[in-house]
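Structure first, then comments.
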Amino acid sequence: MLNTERKPITGKRVQLMATCLCDAFYDDVAAATVQVLEYLGVEVVFPEGQTCCGQPAFNGGDWTASRKVVRHTVKTFAGEEPVVVPSGSCAAMMFHGTVLEFENEADLGEVEALGRRTWELGDFLVNGLGVKTWPGRFEATVAFHRSCHSRGTNSSSAASTLLGSVAGLKIVEFGEGEQCCGFGGTFSVSFPNISASMGALKLDHIRAVKPDVLVSGDMSCMMHLGGLAKEEGKPIKTRHLAQVLRDALKNGKLI
Amino acid sequence: MRFQQIDQFAAELKADTRAAVYDGSKKGHEKRTKLLFDEYADPDRLRRIAGEVKQHVVENLDTYLPQVEAKLKANGVIVHWAATAEAANQAVLGIMRARGATKMVKAKTMVSEETELAHFLEKHGMEALETDLGEFIVQIDGDHPSHIVKPIIHKNRREIATSFEENGLGAYNDDPQTITRRARHFLRHKYLEADVGLTGANFVSAESGRLVLVTNEGNSRFCLAATKCHIAMVGIEKIVPRDYDLALFLNLLARSGTAQELTVYTEYISGPKSPTQPDGPEEMHVIFVDNGRTEVLASDCRDILRCIRCGACLNVCPVYRQASGHAYRSVYPGPVGAVLSPLMMGDKFPQKADLPKASSLCGACHEVCPVNIPIPDLLLRLRNRAKEENVPSPGTPPMGAWALLASQPTAWRASLFGGKIINYLPTKLLPIPALRAWEAKRSLPAWRGGEFRKWLKTRKGRANVSPPAPSRAEAKKAD
Ligand code: SF4
């Protein structure tokens with residue numbers, strides 16, 4: 001079972017782990033994360049030295065390379081504050097993956113300690129800060145894609161709680177929601193045919209319920225699904241949970 | 001070869017086969033979920049308890065195996081130990097020869113698939129007939145099972161009708177009832193002619209020495225009713241501590257495997273027929289088969305030995321649904337097979353080191369497994385093992401350069417701003433072949449390296465003050 005136990009929140013300061021994907025492609029997602037947290041009066045610190053959570057190599061089987069990056073990450077996120085990351089996948093890497101690859105390492109303790117204070121954004125808002133409803137307005141029919149790395153965690157239910165409470169926002173369920181979108185990290189390039197077929201199935205299910213926008217807590221899934229849809233010539237609009245929450249605030253003139 | 005073998009296999013799979021596998025496994029999965037969640041408030045709790053019981057057995061096999069042996073002997077069963085597939089097959093052959101037997105009827109057992117028993121016996125002049133309908137069809141087709149519970153999930157009924165016709169089992173007719181009737185008719189005579197009945201065992205109770213067998217066709221009962229000698233081939237991990245535990249395991253097995261509350265037939269076999277019983281085998285043998293299991297036990301993936309062969313992880317697996325069981329080149333396909341099959345290769349592990357890569361690590365298998373095996377963790381461990389043993393892995397981007405960069409913040413930032421990071425970012429972006437593989441199927445979003453860091457530094461204000469967010473056009477570009 002996943003260890004979803006977290007250190008209780010004290011104080012209103014967090015460190016932001018922006019993720020390498022947002023650093024490289026999705027700057028607005030990272031910015032929205034900051035805006036959402038700051039709206040709640042949380043001070044956001046961005047450790048400049050951050051790079052990546054180490055998952056790509058972990059997932060690809062090169063644990064030596066991954067541990068090198070994780071050790072860097074542990075150093076970068078020194079301190080006691082909660083670490084908030086707009087990705088269920090990177091969060092799971094910090095509290096589950098790293099523990100697996102450091103099983104026989106002397107510094108397992110430090111790695112575990114970082115894991116226990118790392119939160120996926122939605123989980124942090126709902127279960128860390130106790131936010132249960134979200135103000136503002138977002139007029140749209142939303143399909144929410146639960147990313148696989150948030151299985152067994154509180155992230156999907158947190159996202160549903162938040163999205164479900166936004167005025168104007170309607171969540172539509174789609175078929176086989178428990179199935180993977182086919183991204184899978186290195187899997188997406190070493191098994192491109194299966195990966196794309198899985199994505200096509202997911203897109204069929206999503207399109208069938210005609211949402212205005214597809215929302216997820218993980219940009220990796222969105223990059224894969226959005227990229228596939230665009231390649232098919234039938235693009236879909238994708239948004240991160242943080243962007244929807246931020247836009248709701250803006251629409252409600254709350255920020 | 002550009003991509004992984006399993007990916008290639010999936011790409012070339014006949015549309016018919018893919019549809020049959022996809023529909024069959026999807027249906028199986030959905031019925032299972034409904035049955036479990038409609039009837040139990042917390043099925044996950046059952047899975048966890050069952051997992052702990054089986055883990056306990058796996059970690060205490062050295063105590064349980066002698067205990068089971070003593071019980072079986074006391075029950076009048078002759079016990080054999082087979083370290084390898086070959087030894088297991090030889091044991092069966094030896095028993096048959098000693099009895100002057102030439103004909104065997106077989107119930108479905110995965111261990112005998114491992115040892116390729118039927119082929120082995122045929123080579124030695126014996127007849128070994130599969131009596132499970134699916135296995136029977138596979139046998140007359142010269143095919144292999146592609147699923148551990150539904151061996152012919154990859155076939156549609158038109159294919160089956162054709163092979164019946166080709167094998168002299170009546171003119172083409174693809175009505176499932178007719179197919180079943182014809183097979184039944186053919187098999188009835190065979191049961192009566194056979195000398196030996198072979199089965200596996202789903203569970204063996206250490207407490208009583210009882211073998212428990214589940215089927216839906218009743219064929220194993222026919223095998224035992226009509227023959228004088230019963231041989232059971234059993235993997236050494238099949239033990240449960242007490243008869244009491246069977247309540248949990250039988251419930252979970254049927255629900256997870258075939259979405260039934262209980263299988264149609266559940267047999268408890270405590271030994272050869274007693275003097276007061278009119279029928280049944282007068283001689284009973286149990287062959288405990290290792291065939292690589294102790295090696296699995298010694299590894300850091302021993303949790304996989306909890307497996308009760310229900311097939312739920314195959315049914316839910318999106319990769320299995322696309323690739324079909326044959327893609328795995330193993331007796332055990334799907335998630336369980338991706339762990340078990342390479343491990344059972346022993347020092348030939350590299351030959352199947354690609355199997356653990358055939359997963360998006362979505363974790364659906366772990367979520368459904370009745371004994372709660374953390375399959376994704378085990379797949380990851382095996383990926384790491386393959387890397388440490390330097391097994392080549394087509395399509396997997398090398399990570400060395402990325403790791404170097406990702407542990408040096410200055411270099412990371414510089415390449416981020418310069419866009420050069422595209423040469424180093426792993427997953428989809430590293431290196432050029434991976435980039436091509438990504439773009440062959442999906443378009444890449446616009447490069448926005450370093451934009452967030454710039455925004456953080458240049459924006460005005462802090463909490464509760466609206467910072468200058470990216471303009472609409474920019475936000476669009478970022479999609
Ligand atoms: S690993 Fe679990 S889900 Fe898969 S066949 Fe074995 S018991 Fe069933």
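Chains: A, B, ... in order of the structure tokens. Residues: from 1 per chain. Ligands: from 1, in order shown.
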Distance limit 7 Å, reference ligand 1, atoms considered: only C-alpha atoms and all ligand atoms. Which residues make the cut? Give them as a list in words.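 The residues within 7 Å of ligand 1, counting only C-alpha atoms and all ligand atoms, are Ile304, Arg306, Cys307, Ile308, Arg309, Cys310, Gly311, Ala312, Cys313, Leu314, Pro335, Val336, Cys365, Val368, Cys369, Pro370, Val371, Asn372 and Ile373 of chain B.
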Going by DSSP on the backbone, which bits of stretch 12-242 of chain A are alpha helix (DSSP H)? Write them as a ChimeraX atom specification, please. /A:20-24,27-39,55-60,63-76,88-92,98-101,108-116,121-123,155-165,187-190,192-208,219-231,241-242
Considering only C-alpha atoms, extract the chain A residues located within 6 Å of chain B and return them as number ranges by chain. A: 23-27, 38-39, 41, 49, 51, 56-57, 61-62, 65, 69, 72, 148, 180, 184-187, 189-191, 227-228, 231, 255
Which polymer residues have any atom within 10 Å of an atom of B:Ile152, counting only C-alpha atoms, with same-chain residues fewer than 2 positions away left out, as an NGL selection string? :B and (20-21 or 24 or 133-138 or 143-150 or 154-157 or 160 or 325)
Neighbouring residues of A:His149 were defined as those with any atom within 7 Å, considering only C-alpha atoms; residues of the same chain fewer than 5 positions away were excluded. Please report them as a count of residues only. 4
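Counting from atom CA of B:Arg188, the distance to atom CA of B:Phe222 is 8.5 Å.
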Using DSSP on the backbone, list every residue of stretch 254-379 of chain B that comes out as strand (DSSP E), and give them as a PyMOL selection string. chain B and resi 265-269+283-289
Could you give me, as a PyMOL selection string, the residues within 6 Å of A:Ile171, counting only C-alpha atoms and dropping anything in the same chain fewer than 3 positions from it? chain A and resi 141-143
Just want the 10 Å neighbourhood of A:Thr118, counted on only C-alpha atoms, with same-chain residues fewer than 3 positions away dropped. Output as an NGL selection string. :A and (6-7 or 14-17 or 77 or 81-85 or 90-95 or 112-115 or 121 or 124)
Those same residues, written as a compact mmCIF listing (two decimals), in the first residue's frame with C-alpha atoms?
# COMPACT_ATOMS: atom_id res chain seq x y z
CA ARG A 6 1.80 13.21 5.73
CA LYS A 7 3.38 15.44 8.27
CA VAL A 14 5.51 26.03 1.34
CA GLN A 15 8.26 25.13 -1.07
CA LEU A 16 7.14 24.74 -4.65
CA MET A 17 8.38 21.84 -6.73
CA PHE A 77 14.34 21.01 -0.71
CA GLU A 81 8.00 23.32 5.13
CA PRO A 82 5.60 21.23 3.09
CA VAL A 83 6.69 20.75 -0.51
CA VAL A 84 3.81 21.22 -2.94
CA VAL A 85 3.96 19.84 -6.47
CA CYS A 90 6.05 13.51 -9.13
CA ALA A 91 4.44 13.44 -5.67
CA ALA A 92 4.16 9.64 -5.79
CA MET A 93 7.79 9.50 -6.89
CA MET A 94 8.76 11.45 -3.79
CA PHE A 95 6.77 9.42 -1.27
CA GLU A 112 11.65 9.34 3.35
CA ALA A 113 11.47 12.54 5.34
CA LEU A 114 11.15 14.60 2.16
CA GLY A 115 8.48 12.19 0.93
CA LEU A 121 -1.41 20.22 -5.08
CA PHE A 124 -2.53 19.74 -0.15
Nearest-residue call for B:Glu217, choices B:Asp132, B:Asp42, B:Glu116, B:Asp175, using only C-alpha atoms: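 Between B:Asp132, B:Asp42, B:Glu116, B:Asp175, the residue approaching B:Glu217 most closely is B:Asp132.
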